[in-house]
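*Asks:* Dumping the structure here so I can ask a few things about it.
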Amino acid sequence: MSLPLLSALVFLPLAGAASLWLLPARATRYVVAFTMLLTLLLATAVLFSYDPAGERFQLIERATWIASLNVQYLLGIDGLSVLFFPATALLFLGSLVASWNMIHDAPRLHYSLMLLLQTATLGIFAALDTLLFFVFWELTLVPLYFLLARWGATPASPQVAARYFLIMLAGGIPLLIAFVMLAASQAVPTFDLMLLLAMPLPRAAQTAIFLLCLIGFGVKVPLVPLHTWLPQFSLAAPGSLTALLVGLKLGAFGLIRFAIPLAPGAAQDMHWLLAGFGTLTLLYGAVGILGQTNLRVGLAYASICHVGLAVLGLAAMTAQGVQGAVSLLLSFSVATGGGFLLLEFLRQRTGSTDIGSLGGAAKTMPLLATGFLICGLAGVGMPGTSSFPGEFMLILAALQSHTGAGMAALFGLSVAAGAFLALYRKAFFGPVSRPEVEQAEDLRPRERLVLVALIAMIVLIGIYPGPWIDVVRPAAEAWAAGLVR
Amino acid sequence: MGGFSEILWQQQSNLPLLLILQLLPLLGAALVFAFGERSTAVIIGKVVALVELLLAIVATSRINPTLPALQLAERFDLIAYHVAVDGLSLLLILVAALLTLLMTLYGMSRGMISPGRLFAVLLVAEAGLIGMLATVNVAWFAAYSALELWAVVYLLRRWASSRAEIHALSRFIQYQSFGWLLFAAGCLVLGWGHAEATGGHWSFDLFELAATPSQGKFQTAAFYLLFYGLAVRTPLFPLHGWLPNMAQHGLIAVAPALMVGVKVGIYGMFRFVLPLTPTAVAYWQPYIVGFAMAGVFFTAALAFQQTNLRRLLAFAVVSHTSLLVIGVFSLHESGIQGAVLLAANFGLAATGMWFIVGFVFRRTGTTELNELSGLFERIPFLAIAFLVFGLAIVGMPGTPGFDAAHLVLEASIATFGALSTVAAALGNVAAAGFLLWAFQRAFMSPHKQGKGGQDVDRTLPMEYLVCGIALAAILAIGFFTEPWLRLTETASQVAAARYHR
């Protein structure tokens with residue numbers, strides 16, 4: 001590979017952010033749109049240059065970064081990560097459309113931060129050096145903090161932003177310590193993921209590293225009881241921002257990429273811990289939807305519920321489990337991310353996503369209501385939607401390895417589906433009571449574009465999941481084989 | 001017990017660089033003073049500060065950081081003048097020179113009272129700092145320390161007018177003179193111990209003292225005196241009482257930056273206390289580290305109580321100083337390296353924050369947190385710079401704090417185990433907490449009536465320059481850490497090797 005395709009992909013948004021300040025202010029949104037489209041194009045190119053039958057890690061770019069600590073600038077993709085690049089690019093594009101007319105204060109700064117966030121997110125998926133990964137991981141916090149504190153949806157946003165920042169910073173500490181311990185456990189200290197995967201660790205070190213990683217990533221996933229920031233965040237942030245945060249399950253990706261393969265023995269010994277947290281998170285999320293009166297918080301709990309399912313499936317430690325988890329996470333980028341974007345459209349129209357002030361929204365905004373229903377159905381794993389293949393594989397994996405937990409998961413999912421539909425009914429049906437709802441206009445052409453893209457992906461992937469699953473399968477099998485040593 | 005070795009300056013350069021580094025600021029001070037209040041004085045001050053920085057860079061390029069010996073050494077036995085540097089001290093010399101340059105720029109960005117006098121004193125203080133970092137003689141260290149303290153006291157006295165300011169000044173003098181006396185007494189004990197061991201030959205030279213380390217009680221006494229003397233200076237919890245008052249009431253930015261911008265206290269512990277009193281250090285290590293760990297949390301808790309931005313920053317300094325002490329007293333090569341890098345990072349970042357507080361004060365006339373609001377709208381560049389400096393203190397990736405903190409953590413895991421490391425690191429998150437909280441109240445909160453809203457001026461070019469240089473330095477070192485690690489690696493290994501017996 002002569003062209004550094006991955007570096008170009010990761011740093012393209014950053015270059016776009018820099019160019020914003022050189023070009024006239026009125027061009028800002030168009031430059032951002034152009035950058036994001038180009039990023040999507042590059043992400044697709046990366047996807048096509050990935051060969052599922054080839055090596056485990058591909059498109060590797062390696063350069064020395066900090067020689068005396070043996071830290072490298074090391075990027076690469078495998079079947080588990082490659083699909084996340086187009087998903088990230090799409091979601092950012094959707095988020096841009098959702099905030100198109102909403103940013104009146106300091107738009108350049110807003111979009112620069114958004115592009116910086118995109119670079120950091122792409123970097124997380126591409127980094128194969130643990131320390132480089134950590135740098136990108138922490139780098140997401142700064143733009144998120146400003147985006148929420150400065151352009152939040154409520155007056156309490158700055159406090160929520162600070163809280164999120166601190167919780168994530170605290171979560172970063174166990175991760176950093178785990179990575180340093182991993183590096184120090186080698187004969188020659190190294191942060192190279194591929195070398196670390198090839199070297200078995202002593203069992204005692206594995207236990208510590210697995211637990212530290214579980215805490216560090218668990219905060220981001222979020223696993224119950226480390227989830228408290230998410231409902232708050234979803235309420236304080238505009239939907240376009242929450243979509244980015246919730247749509248991209250960075251925490252679960254971290255578990256798949258680092259926590260389990262780097263400490264395979266400990267992970268297998270403590271599969272019950274993973275399964276237990278997964279089940280607890282799933283049930284808690286499902287029950288959590290029940291009491292909600294706000295669609296955004298409801299959707300946040302729904303996403304907590306589903307990520308719990310993904311973690312439970314991972315606990316099976318089989319190729320099927322991880323394949324299901326990756327498919328489900330990808331489907332959520334579309335379904336949950338799309339759901340939050342549609343809620344942002346709704347909030348822009350009615351000023352609220354509280355069911356008490358909505359009632360009958362389906363009458364005046366049928367397209368929006370339909371779109372949200374489809375996203376919601378995908379979110380609860382309805383057959384024929386993109387989530388179904390992943391969910392099916394996960395439940396199968398869970399039932400085989402942890403039968404009790406699998407049954408509980410099935411129960412939890414039906415509760416979640418019921419609760420979500422109840423919430424939906426209250427918000428969108430019934431008589432129209434408020435003038436805001438009555439005068440609201442249905443989706444405009446630009447928004448319809450987002451809607452069509454979302455639905456097309458949900459339905460197409462749901463009906464014909466073959467190609468996507470084939471991309472993930474070889475890597476998932478290699479992943480599972482790496483655990484058995 | 002490894003002794004010290006040195007390479008004389010003649011072999012490495014054709015000028016006695018260290019001598020010039022020490023004399024240039026003094027000369028500059030004399031010139032500036034002579035020109036009095038004329039504008040030439042101000043220009044000379046800035047030029048001298050700039051040349052000093054360039055000289056420091058030249059000196060850094062002349063040494064070979066991979067050699068274990070101290071380098072560019074100069075001796076003049078008649079007055080026991082003996083200087084030499086290694087990678088660690090050069091790093092701090094660079095910081096000192098850079099900060100002085102920034103302070104001269106800062107002082108000019110909006111007409112301060114009598115800049116000529118200010119610059120002269122500033123350069124004297126710089127000479128004191130550079131001298132402390134260059135000398136390898138304990139008595140000279142004490143003398144330079146006195147010179148620098150005099151400069152700071154002069155600054156505080158000249159601009160102290162209110163009752164609170166005078167109170168802060170007297171508190172400062174009490175603490176510092178006490179600390180200085182402890183240190184001087186420690187020097188005497190060391191010299192006496194040397195005289196006992198060698199039959200009447202008094203010496204304060206690091207090389208000679210390290211060759212015949214003092215025994216038993218002498219060593220314990222010397223350790224105590226030196227350590228506590230430096231702890232006041234550092235300032236290490238619970239000996240920090242002078243800093244918050246001085247930060248709140250003293251001359252904004254310049255005075256605190258001179259005292260804590262360059263961590264000579266930590267440097268002194270590393271350079272003199274570790275090699276000269278090895279047995280006592282090894283014995284007292286757990287207590288010192290335990291105290292420092294408690295200090296991280298206690299001061300963080302105190303910082304949360306503050307309602308004044310300046311006092312809050314002072315507590316932030318005390319809190320992170322404890323982290324430095326943990327690094328140095330891990331007696332581990334990564335710990336020492338990390339601590340010195342962190343010291344440089346904290347120095348830059350904390351001084352940058354103090355500058356911004358100064359800029360804010362010039363606009364609003366207050367640093368009370370509940371009177372400040374919505375500054376982000378008017379001075380976004382300064383706000384973002386403030387946040388970046390805060391993140392550097394917390395050890396965010398992309399700032400030098402990250403690699404340094406990661407080295408300290410590594411050493412701490414190796415020496416004290418994972419649990420206490422996690423505790424210390426959580427203390428750091430607490431620091432992030434109060435810095436972010438302060439940032440939020442001053443910069444992000446919705447604009448209130450009164451001060452701090454639409455009526456504040458936009459960022460001035462000189463402010464862009466001062467903060468821009470500091471920001472660029474932080475980010476450049478953060479993303480290209482390699483040369484700095486190379487500069488400090490061997491020196492830290494040498495220091496740690498004394499404890500691997």
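Letters for chains follow the order of the structure tokens (A, B, ...), residue numbers begin at 1 for each chain, and ligand numbers begin at 1 in the order shown.
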Mind the document's chain letters and residue numbers, and return as a list of chain:residue names the residues of range 39-254 of chain B that DSSP labels strand (DSSP E).

*Replies:*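 Strand (DSSP E) assignments inside range 39-254 of chain B correspond to B:Leu70, B:Gln71, B:Leu72, B:Ala73, B:Glu74, B:Arg75, B:Phe76, B:Tyr81, B:His82, B:Val83, B:Ala84, B:Val85.
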
*Asks:* Go ahead and save the residues from that selection, with N, CA, C and O atoms, as an mmCIF file, in the first residue's frame.

*Replies:*
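So the final result, stored in selection_9.cif, reads:
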```cif
data_model
loop_
_atom_site.group_PDB
_atom_site.id
_atom_site.type_symbol
_atom_site.label_atom_id
_atom_site.label_comp_id
_atom_site.auth_asym_id
_atom_site.auth_seq_id
_atom_site.Cartn_x
_atom_site.Cartn_y
_atom_site.Cartn_z
ATOM 1 N N LEU B 70 28.203 14.878 34.278
ATOM 2 C CA LEU B 70 27.740 16.262 34.211
ATOM 3 C C LEU B 70 28.626 16.994 33.221
ATOM 4 O O LEU B 70 29.818 16.702 33.102
ATOM 5 N N GLN B 71 28.045 17.955 32.500
ATOM 6 C CA GLN B 71 28.791 18.515 31.387
ATOM 7 C C GLN B 71 28.900 20.025 31.455
ATOM 8 O O GLN B 71 28.291 20.666 32.316
ATOM 9 N N LEU B 72 29.713 20.566 30.529
ATOM 10 C CA LEU B 72 29.977 22.008 30.469
ATOM 11 C C LEU B 72 30.471 22.547 31.812
ATOM 12 O O LEU B 72 30.169 23.668 32.208
ATOM 13 N N ALA B 73 31.224 21.705 32.522
ATOM 14 C CA ALA B 73 31.591 22.064 33.889
ATOM 15 C C ALA B 73 32.598 23.206 33.894
ATOM 16 O O ALA B 73 33.433 23.330 33.004
ATOM 17 N N GLU B 74 32.464 24.055 34.915
ATOM 18 C CA GLU B 74 33.427 25.137 35.118
ATOM 19 C C GLU B 74 33.795 25.130 36.586
ATOM 20 O O GLU B 74 32.937 24.953 37.440
ATOM 21 N N ARG B 75 35.090 25.327 36.855
ATOM 22 C CA ARG B 75 35.538 25.360 38.244
ATOM 23 C C ARG B 75 36.391 26.590 38.465
ATOM 24 O O ARG B 75 37.158 26.993 37.598
ATOM 25 N N PHE B 76 36.267 27.183 39.635
ATOM 26 C CA PHE B 76 37.185 28.241 40.026
ATOM 27 C C PHE B 76 37.327 28.072 41.532
ATOM 28 O O PHE B 76 36.488 28.513 42.312
ATOM 29 N N TYR B 81 33.640 28.139 43.219
ATOM 30 C CA TYR B 81 32.673 28.211 42.131
ATOM 31 C C TYR B 81 32.752 26.931 41.318
ATOM 32 O O TYR B 81 33.823 26.538 40.860
ATOM 33 N N HIS B 82 31.662 26.256 41.187
ATOM 34 C CA HIS B 82 31.659 24.990 40.461
ATOM 35 C C HIS B 82 30.268 24.784 39.865
ATOM 36 O O HIS B 82 29.292 24.646 40.579
ATOM 37 N N VAL B 83 30.196 24.819 38.548
ATOM 38 C CA VAL B 83 28.902 24.605 37.903
ATOM 39 C C VAL B 83 29.025 23.476 36.894
ATOM 40 O O VAL B 83 30.102 23.219 36.362
ATOM 41 N N ALA B 84 27.927 22.790 36.666
ATOM 42 C CA ALA B 84 27.871 21.734 35.650
ATOM 43 C C ALA B 84 26.397 21.397 35.442
ATOM 44 O O ALA B 84 25.578 21.606 36.337
ATOM 45 N N VAL B 85 26.074 20.914 34.261
ATOM 46 C CA VAL B 85 24.667 20.618 33.989
ATOM 47 C C VAL B 85 24.538 19.228 33.378
ATOM 48 O O VAL B 85 25.495 18.671 32.848
#
```

*Asks:* Would you kindly return, as a ChimeraX atom specification, each protein, DNA or RNA residue with an atom no farther than 8 Å from any atom of range 26-41 of chain B, considering only C-alpha atoms and excluding same-chain residues fewer than 3 positions away?

*Replies:* /B:22-23,44-45,48,114-117,119-124,127

*Asks:* Please provide as an MDAnalysis selection string all residues within 12 Å of Gln72 in chain A, with the sequence filter that same-chain residues fewer than 6 positions apart are discarded (counting only C-alpha atoms).

*Replies:* (chainID A and resid 60:66 127:133 135 189:193) or (chainID B and resid 482)

*Asks:* Got time to write the residues from that selection, N, CA and C atoms, as an mmCIF file, in the first residue's frame?

*Replies:*
```cif
data_model
loop_
_atom_site.group_PDB
_atom_site.id
_atom_site.type_symbol
_atom_site.label_atom_id
_atom_site.label_comp_id
_atom_site.auth_asym_id
_atom_site.auth_seq_id
_atom_site.Cartn_x
_atom_site.Cartn_y
_atom_site.Cartn_z
ATOM 1 N N ILE A 60 -1.722 -1.583 7.071
ATOM 2 C CA ILE A 60 -0.953 -1.152 8.248
ATOM 3 C C ILE A 60 -0.025 -0.010 7.890
ATOM 4 N N GLU A 61 -0.017 1.009 8.736
ATOM 5 C CA GLU A 61 0.926 2.116 8.585
ATOM 6 C C GLU A 61 1.696 2.223 9.885
ATOM 7 N N ARG A 62 3.006 2.236 9.756
ATOM 8 C CA ARG A 62 3.822 2.192 10.961
ATOM 9 C C ARG A 62 4.888 3.268 10.885
ATOM 10 N N ALA A 63 5.022 4.029 11.934
ATOM 11 C CA ALA A 63 6.103 5.009 12.015
ATOM 12 C C ALA A 63 6.482 5.143 13.481
ATOM 13 N N THR A 64 7.733 5.454 13.725
ATOM 14 C CA THR A 64 8.153 5.651 15.114
ATOM 15 C C THR A 64 7.596 6.974 15.603
ATOM 16 N N TRP A 65 7.097 6.968 16.821
ATOM 17 C CA TRP A 65 6.581 8.225 17.362
ATOM 18 C C TRP A 65 7.454 8.673 18.534
ATOM 19 N N ILE A 66 7.457 7.895 19.600
ATOM 20 C CA ILE A 66 8.317 8.228 20.732
ATOM 21 C C ILE A 66 9.239 7.044 20.918
ATOM 22 N N ALA A 127 -6.457 2.918 15.415
ATOM 23 C CA ALA A 127 -5.186 2.791 16.131
ATOM 24 C C ALA A 127 -4.921 1.343 16.530
ATOM 25 N N LEU A 128 -3.698 0.891 16.267
ATOM 26 C CA LEU A 128 -3.297 -0.444 16.689
ATOM 27 C C LEU A 128 -2.172 -0.377 17.712
ATOM 28 N N ASP A 129 -1.844 0.808 18.158
ATOM 29 C CA ASP A 129 -0.877 0.967 19.239
ATOM 30 C C ASP A 129 -1.686 1.415 20.450
ATOM 31 N N THR A 130 -1.524 0.736 21.564
ATOM 32 C CA THR A 130 -2.434 1.016 22.678
ATOM 33 C C THR A 130 -2.326 2.463 23.140
ATOM 34 N N LEU A 131 -1.109 3.003 23.119
ATOM 35 C CA LEU A 131 -0.972 4.368 23.613
ATOM 36 C C LEU A 131 -1.549 5.377 22.613
ATOM 37 N N LEU A 132 -1.373 5.086 21.329
ATOM 38 C CA LEU A 132 -1.970 5.942 20.303
ATOM 39 C C LEU A 132 -3.499 5.907 20.431
ATOM 40 N N PHE A 133 -4.006 4.697 20.658
ATOM 41 C CA PHE A 133 -5.435 4.555 20.888
ATOM 42 C C PHE A 133 -5.868 5.434 22.045
ATOM 43 N N VAL A 135 -4.497 8.096 23.200
ATOM 44 C CA VAL A 135 -4.440 9.517 22.845
ATOM 45 C C VAL A 135 -5.724 9.918 22.118
ATOM 46 N N PRO A 189 9.526 -3.513 26.421
ATOM 47 C CA PRO A 189 8.245 -2.836 26.572
ATOM 48 C C PRO A 189 7.688 -2.398 25.220
ATOM 49 N N THR A 190 6.446 -2.736 24.952
ATOM 50 C CA THR A 190 5.864 -2.360 23.666
ATOM 51 C C THR A 190 4.381 -2.073 23.841
ATOM 52 N N PHE A 191 3.876 -1.208 22.966
ATOM 53 C CA PHE A 191 2.450 -0.901 22.982
ATOM 54 C C PHE A 191 1.775 -1.413 21.711
ATOM 55 N N ASP A 192 2.541 -2.180 20.926
ATOM 56 C CA ASP A 192 2.047 -2.663 19.649
ATOM 57 C C ASP A 192 1.005 -3.757 19.871
ATOM 58 N N LEU A 193 -0.222 -3.500 19.456
ATOM 59 C CA LEU A 193 -1.300 -4.453 19.731
ATOM 60 C C LEU A 193 -1.013 -5.826 19.124
ATOM 61 N N GLU B 482 9.892 13.036 21.956
ATOM 62 C CA GLU B 482 11.110 12.250 21.844
ATOM 63 C C GLU B 482 12.391 12.998 22.231
#
```

*Asks:* Please report as an MDAnalysis selection string which residues of chain B come no farther than 8 Å from chain A, using only C-alpha atoms.

*Replies:* chainID B and resid 396:398 406 409:410 422 425:426 429 432:433 436:437 440 444:445 480:482 485:486

*Asks:* Which one of A:Ala408, A:Ala316, A:Leu330, A:Ala427 sits closest to Ala361 in chain A if you count only C-alpha atoms?

*Replies:* A:Ala427

*Asks:* I'd like the neighbourhood of Gly247 in chain A as a PyMOL selection string, where a residue qualifies if any of its atoms comes within 10 Å (using only C-alpha atoms), though same-chain residues fewer than 3 positions away should be ignored.

*Replies:* chain A and resi 87-88+91+241-244+250+303+329-340

*Asks:* Convert the current residue selection to file output with N, CA and C atoms, as a CSV table (one decimal), in the first residue's frame.

*Replies:*
```
chain,number,residue,atom,x,y,z
A,87,ALA,N,-19.6,3.8,8.9
A,87,ALA,CA,-20.7,4.2,9.8
A,87,ALA,C,-20.4,5.5,10.5
A,88,THR,N,-19.2,5.7,10.9
A,88,THR,CA,-18.8,7.0,11.6
A,88,THR,C,-19.0,8.2,10.6
A,91,LEU,N,-22.7,8.9,10.1
A,91,LEU,CA,-23.4,9.5,11.3
A,91,LEU,C,-23.0,10.9,11.4
A,241,LEU,N,-25.8,15.8,18.7
A,241,LEU,CA,-24.6,15.4,19.4
A,241,LEU,C,-24.7,14.0,20.1
A,242,THR,N,-25.9,13.8,20.7
A,242,THR,CA,-26.1,12.5,21.4
A,242,THR,C,-26.0,11.4,20.4
A,243,ALA,N,-26.5,11.7,19.1
A,243,ALA,CA,-26.4,10.6,18.1
A,243,ALA,C,-25.0,10.2,17.9
A,244,LEU,N,-24.0,11.1,17.9
A,244,LEU,CA,-22.6,10.8,17.7
A,244,LEU,C,-22.1,10.0,18.9
A,250,LEU,N,-18.2,3.2,21.3
A,250,LEU,CA,-16.8,3.1,21.5
A,250,LEU,C,-16.4,2.2,22.6
A,303,SER,N,-30.8,2.3,24.4
A,303,SER,CA,-29.5,2.0,23.9
A,303,SER,C,-28.7,1.3,25.0
A,329,LEU,N,-23.8,-3.5,17.0
A,329,LEU,CA,-23.2,-2.2,17.3
A,329,LEU,C,-23.3,-1.3,16.0
A,330,LEU,N,-23.0,-2.0,14.8
A,330,LEU,CA,-23.1,-1.2,13.6
A,330,LEU,C,-24.6,-0.8,13.3
A,331,SER,N,-25.4,-1.8,13.5
A,331,SER,CA,-26.9,-1.5,13.3
A,331,SER,C,-27.3,-0.3,14.2
A,332,PHE,N,-26.8,-0.3,15.4
A,332,PHE,CA,-27.2,0.8,16.3
A,332,PHE,C,-26.7,2.2,15.9
A,333,SER,N,-25.5,2.2,15.2
A,333,SER,CA,-25.1,3.5,14.7
A,333,SER,C,-26.2,4.0,13.8
A,334,VAL,N,-26.8,3.2,13.0
A,334,VAL,CA,-27.8,3.7,12.1
A,334,VAL,C,-29.1,3.9,12.9
A,335,ALA,N,-29.5,2.9,13.7
A,335,ALA,CA,-30.9,2.9,14.3
A,335,ALA,C,-30.9,4.0,15.4
A,336,THR,N,-30.1,3.8,16.4
A,336,THR,CA,-30.1,4.7,17.5
A,336,THR,C,-29.7,6.1,17.1
A,337,GLY,N,-28.6,6.1,16.3
A,337,GLY,CA,-28.1,7.4,15.9
A,337,GLY,C,-29.2,8.1,15.1
A,338,GLY,N,-29.8,7.4,14.2
A,338,GLY,CA,-30.9,7.9,13.4
A,338,GLY,C,-32.0,8.4,14.2
A,339,GLY,N,-32.3,7.6,15.2
A,339,GLY,CA,-33.4,8.0,16.1
A,339,GLY,C,-33.2,9.3,16.8
A,340,PHE,N,-31.9,9.5,17.3
A,340,PHE,CA,-31.6,10.8,17.9
A,340,PHE,C,-31.7,11.9,16.9
```

*Asks:* Where does DSSP see helix (DSSP H, G or I) in range 150-353 of chain B, if you list the residues as a ChimeraX atom specification?

*Replies:* /B:150-158,163-198,206-211,216-233,242-249,254-260,264-276,278-305,309-328,333-353

*Asks:* If we count only C-alpha atoms, what is near Ala431 in chain B at a cut-off of 9 Å, once residues fewer than 5 positions away on the same chain are taken out, given as a VMD selection string?

*Replies:* chain B and resid 296 to 297 300 303 316 319 to 320 390 393 to 394 426 436

*Asks:* With N, CA and C atoms retained, export the selected residues as a compact mmCIF listing (two decimals), in the first residue's frame.

*Replies:*
```txt
# COMPACT_ATOMS: atom_id res chain seq x y z
N VAL B 296 -2.06 15.27 47.85
CA VAL B 296 -2.75 15.42 46.58
C VAL B 296 -4.25 15.62 46.82
N PHE B 297 -4.80 14.78 47.69
CA PHE B 297 -6.25 14.84 47.92
C PHE B 297 -6.65 16.02 48.77
N ALA B 300 -6.56 19.14 46.91
CA ALA B 300 -7.64 19.17 45.92
C ALA B 300 -8.94 19.55 46.61
N ALA B 303 -8.93 23.13 47.27
CA ALA B 303 -9.10 23.91 46.05
C ALA B 303 -10.58 24.06 45.71
N ALA B 316 -3.95 24.45 43.17
CA ALA B 316 -3.64 23.50 42.10
C ALA B 316 -2.15 23.23 42.07
N SER B 319 -1.21 20.99 44.88
CA SER B 319 -1.68 19.62 44.63
C SER B 319 -0.76 18.90 43.66
N HIS B 320 -0.36 19.55 42.59
CA HIS B 320 0.45 18.79 41.65
C HIS B 320 1.89 18.67 42.10
N GLY B 390 -4.87 23.95 31.60
CA GLY B 390 -5.45 23.11 32.64
C GLY B 390 -5.33 21.64 32.27
N ILE B 393 -1.93 20.30 32.84
CA ILE B 393 -1.67 19.98 34.25
C ILE B 393 -2.25 18.62 34.59
N VAL B 394 -3.39 18.30 33.99
CA VAL B 394 -4.04 17.03 34.29
C VAL B 394 -3.37 15.87 33.54
N LEU B 426 -6.18 9.29 40.78
CA LEU B 426 -7.51 9.85 41.01
C LEU B 426 -7.40 11.25 41.58
N LEU B 436 -11.64 22.52 35.92
CA LEU B 436 -12.75 22.59 34.98
C LEU B 436 -13.90 23.41 35.58
```

*Asks:* CA of Ile463 in chain A to CA of Gly254 in chain A: how many Å, to one decimal?

*Replies:*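 Straight-line distance from CA of Ile463 in chain A to CA of Gly254 in chain A works out to 28.7 Å.
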